[in-house]
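A.B. asks: I am attaching a structure below and will ask some questions about it afterwards.
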Amino acid sequence: MLQEILDGGQAFRWSREASGSWLGVFGSNVVRLTLNSNGALQWSAPSAHAADLETTLIHYLALDGEFTRQIDSLPWRSDLHLNRCLTAFPGLRILRQPFGETLLGFLCSATKQIVQIKQMVALLAARHGAPLLEIKTTALSDRGTGQSSPDRFHRLPTWSELALVPETELRACLLGFRARYIHQTAQFIAANPGWLQETEQLPYTMAKERLCQLPGVGEKVADCVLLFGAGRLEAFPVDVWIIKAMAKRYGLEGWKPAQIAHFGRTHFGALAGLAQQYLFAYERKFGRQEI
DNA sequence: TGACAGGGGGTGT
DNA sequence: ACACCCCCTGTC
């Protein structure tokens with residue numbers, strides 16, 4: 001289940017270790033998560049990071065109680081397929097990631113698969129992100145993400161930091177045509193102090209409208225940023241997987257993305273994005289072999 | 001083992 | 001509709 005949450009396309013900075021644990025960086029936190037034999041979640045972190053991390057993790061992983069109630073409020077009683085998806089992934093959560101980092105990750109995501117996106121953000125962090133504390137533990141020490149500082153973790157660069165990086169150096173992080181989008185977005189955010197923080201606070205529709213003004217951000221990316229980076233559970237990202245899933249499971253063959261988004265909002269209700277994540281996980285796991 | 005297509009979780013024109 | 005950019009993956 002950790003795999004579905006941490007490596008299912010919400011976040012791009014988690015990797016599985018040989019032991020089966022997951023090691024990840026979000027904000028300035030470095031964390032290892034392990035599911036023990038009883039199915040209980042355990043976490044560890046470098047000691048200097050450990051203080052107050054539990055509270056941070058509960059928030060990040062959406063482990064506070066509200067989630068179960070939200071799941072129950074989805075229309076699974078009248079939707080056989082949704083019921084199947086919810087049953088297939090008990091414990092799936094929507095992360096509460098830092099807003100700016102989520103925007104960066106999904107600006108990298110266009111026509112890329114998760115492995116490739118992870119590679120891009122790893123390079124961005126290693127080359128342009130501030131180093132976090134030195135890792136002393138042997139188990140942690142060989143998890144470098146780039147050639148430059150193999151025994152250190154780096155956070156992702158902030159948008160102010162990105163504004164100072166030439167586009168050619170971004171291109172060197174395997175970003176391709178996304179380098180220009182990220183460069184221009186960084187310039188825009190730097191020229192408009194407070195814009196990002198204000199956007200995060202706005203109601204869903206207004207926030208989405210603002211995000212779509214950024215170069216490289218369309219409806220899909222905006223919805224992902226709001227769903228995974230701002231807890232807006234009404235955001236319903238429509239990507240090729242969801243288009244296929246909705247066509248196959250709900251008979252929406254030939255529908256356009258905007259029409260599917262409208263169907264999703266009316267059919268699944270105020271927490272449509274939550275339903276979307278279950279549909280998405282189901283299709284990713286079971287949909288491939290079914291044609 | 002190495003080369004070569006083909007295609008990729010989208011956006012902008 | 002098609003370009004954008006180029007890495008990953010499967011296949012020969």
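Labeling convention for the structure tokens: chains A, B, ... as they appear, residues from 1 per chain, ligands from 1 in order of appearance.
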When the cut-off is 6 Å and we count only C-alpha atoms (C1' of nucleotides), which residues of chain B are near chain A, given as a VMD selection string?

C.D. replies: chain B and resid 8 to 11

A.B. asks: Emit the selected residues as a PDB file, in the first residue's frame, including C-alpha atoms (C1' of nucleotides).

C.D. replies:
```
ATOM      1  C1'  DG B   8       5.173   8.775 -23.256  1.00  0.00           C
ATOM      2  C1'  DG B   9       0.102  10.475 -16.776  1.00  0.00           C
ATOM      3  C1'  DG B  10       0.324  17.508 -21.351  1.00  0.00           C
ATOM      4  C1'  DT B  11       0.451  22.166 -23.043  1.00  0.00           C
TER       5       DT B  11
END
```

A.B. asks: Can you list, as a list in words, all residues belonging to range 52-290 of chain A that DSSP tags as strand (DSSP E or B)?

C.D. replies: Pro131, Leu132, Leu133, Glu134, Arg152, Phe153 and His154 of chain A

A.B. asks: Write to file, as a PDB file, in the first residue's frame, the residues of the selection just made, with C-alpha atoms.

C.D. replies:
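What landed in part.pdb:
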```
ATOM      1  CA  PRO A 131      21.724  20.288   0.980  1.00  0.00           C
ATOM      2  CA  LEU A 132      20.044  18.915   4.075  1.00  0.00           C
ATOM      3  CA  LEU A 133      22.063  17.729   7.024  1.00  0.00           C
ATOM      4  CA  GLU A 134      24.784  15.194   6.446  1.00  0.00           C
ATOM      5  CA  ARG A 152      23.848  14.154   1.135  1.00  0.00           C
ATOM      6  CA  PHE A 153      20.192  14.700   0.634  1.00  0.00           C
ATOM      7  CA  HIS A 154      19.006  17.839  -1.004  1.00  0.00           C
TER       8      HIS A 154
END
```

A.B. asks: Would you give me, as a list in words, the residues of chain C that come within 9 Å of chain A, using only C-alpha atoms (C1' of nucleotides)?

C.D. replies: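 Selected residues: DC4, DC5, DC6, DC7 and DC8 of chain C.
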
A.B. asks: What does the file look like for those residues with C-alpha atoms (C1' of nucleotides), as a JSON list (two decimals), in the first residue's frame?

C.D. replies:
```
[["chain", "number", "residue", "atom", "x", "y", "z"],
["C", 4, "DC", "C1'", 7.72, 20.42, -28.36],
["C", 5, "DC", "C1'", 12.39, 17.37, -26.16],
["C", 6, "DC", "C1'", 14.62, 13.34, -25.33],
["C", 7, "DC", "C1'", 14.79, 9.43, -22.04],
["C", 8, "DC", "C1'", 12.98, 4.85, -21.13]]
```

A.B. asks: Neighbouring residues of DC12 in chain C were defined as those with any atom within 12 Å, considering only C-alpha atoms (C1' of nucleotides); residues of the same chain fewer than 5 positions away were excluded. Please report them as a list in words.

C.D. replies: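 The filter keeps DG2, DA3, DC4 and DA5 of chain B.
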
A.B. asks: Just give me the gap between CA of Glu4 in chain A and CA of Gly91 in chain A in Å, one decimal is fine.

C.D. replies: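 Between these atoms lies a distance of 9.5 Å.
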
A.B. asks: Run DSSP on the backbone and grab whatever in range 121-216 of chain A lands in helix (DSSP H, G or I); send it over as a PDB file with C-alpha atoms, in the first residue's frame.

C.D. replies:
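See selection17.pdb below for the written result:
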```pdb
ATOM      1  CA  VAL A 121      13.332  16.062  -9.794  1.00  0.00           C
ATOM      2  CA  ALA A 122      16.256  14.081  -8.398  1.00  0.00           C
ATOM      3  CA  LEU A 123      18.604  16.028 -10.656  1.00  0.00           C
ATOM      4  CA  LEU A 124      16.919  19.335  -9.833  1.00  0.00           C
ATOM      5  CA  ALA A 125      17.350  18.649  -6.132  1.00  0.00           C
ATOM      6  CA  ALA A 126      20.914  17.379  -6.375  1.00  0.00           C
ATOM      7  CA  ARG A 127      22.130  20.280  -8.515  1.00  0.00           C
ATOM      8  CA  HIS A 128      19.987  23.202  -7.449  1.00  0.00           C
ATOM      9  CA  THR A 138      25.309   3.800   7.071  1.00  0.00           C
ATOM     10  CA  ALA A 139      21.951   2.602   5.902  1.00  0.00           C
ATOM     11  CA  LEU A 140      21.023   6.084   4.805  1.00  0.00           C
ATOM     12  CA  SER A 141      24.357   7.112   3.387  1.00  0.00           C
ATOM     13  CA  TRP A 159      10.924  28.958  -6.763  1.00  0.00           C
ATOM     14  CA  SER A 160      13.163  31.876  -5.791  1.00  0.00           C
ATOM     15  CA  GLU A 161      16.156  29.632  -6.231  1.00  0.00           C
ATOM     16  CA  LEU A 162      14.856  28.358  -9.553  1.00  0.00           C
ATOM     17  CA  ALA A 163      14.471  31.917 -10.805  1.00  0.00           C
ATOM     18  CA  GLU A 167      17.358  27.654 -18.688  1.00  0.00           C
ATOM     19  CA  THR A 168      20.301  25.746 -20.159  1.00  0.00           C
ATOM     20  CA  GLU A 169      21.120  24.347 -16.719  1.00  0.00           C
ATOM     21  CA  LEU A 170      17.527  23.257 -16.310  1.00  0.00           C
ATOM     22  CA  ARG A 171      17.724  21.521 -19.656  1.00  0.00           C
ATOM     23  CA  ALA A 172      20.740  19.649 -18.352  1.00  0.00           C
ATOM     24  CA  CYS A 173      18.419  18.113 -15.750  1.00  0.00           C
ATOM     25  CA  LEU A 174      16.731  16.151 -18.560  1.00  0.00           C
ATOM     26  CA  LEU A 175      13.721  18.448 -18.571  1.00  0.00           C
ATOM     27  CA  ARG A 178       9.691  21.556 -19.793  1.00  0.00           C
ATOM     28  CA  ALA A 179      12.819  23.559 -18.961  1.00  0.00           C
ATOM     29  CA  ARG A 180      11.355  26.633 -20.614  1.00  0.00           C
ATOM     30  CA  TYR A 181       8.071  26.267 -18.728  1.00  0.00           C
ATOM     31  CA  ILE A 182       9.855  25.966 -15.398  1.00  0.00           C
ATOM     32  CA  HIS A 183      12.159  28.854 -16.200  1.00  0.00           C
ATOM     33  CA  GLN A 184       9.303  31.144 -17.214  1.00  0.00           C
ATOM     34  CA  THR A 185       7.164  30.082 -14.273  1.00  0.00           C
ATOM     35  CA  ALA A 186      10.042  30.841 -11.926  1.00  0.00           C
ATOM     36  CA  GLN A 187      10.440  34.295 -13.496  1.00  0.00           C
ATOM     37  CA  PHE A 188       6.728  34.975 -13.093  1.00  0.00           C
ATOM     38  CA  ILE A 189       6.641  33.894  -9.470  1.00  0.00           C
ATOM     39  CA  ALA A 190       9.766  35.925  -8.700  1.00  0.00           C
ATOM     40  CA  ALA A 191       8.185  38.986 -10.314  1.00  0.00           C
ATOM     41  CA  TRP A 195       1.428  35.088  -5.715  1.00  0.00           C
ATOM     42  CA  LEU A 196       2.030  31.432  -4.935  1.00  0.00           C
ATOM     43  CA  GLN A 197       0.992  31.659  -1.292  1.00  0.00           C
ATOM     44  CA  GLU A 198      -2.132  33.614  -2.227  1.00  0.00           C
ATOM     45  CA  THR A 199      -3.016  31.068  -4.874  1.00  0.00           C
ATOM     46  CA  GLU A 200      -2.771  28.258  -2.355  1.00  0.00           C
ATOM     47  CA  GLN A 201      -5.315  30.027  -0.109  1.00  0.00           C
ATOM     48  CA  TYR A 204     -10.631  25.897  -5.770  1.00  0.00           C
ATOM     49  CA  THR A 205     -12.007  27.520  -8.912  1.00  0.00           C
ATOM     50  CA  MET A 206     -10.062  30.743  -8.473  1.00  0.00           C
ATOM     51  CA  ALA A 207      -6.870  28.925  -7.544  1.00  0.00           C
ATOM     52  CA  LYS A 208      -7.132  26.753 -10.630  1.00  0.00           C
ATOM     53  CA  GLU A 209      -7.746  29.764 -12.839  1.00  0.00           C
ATOM     54  CA  ARG A 210      -4.607  31.393 -11.497  1.00  0.00           C
ATOM     55  CA  LEU A 211      -2.438  28.302 -11.851  1.00  0.00           C
TER      56      LEU A 211
END
```
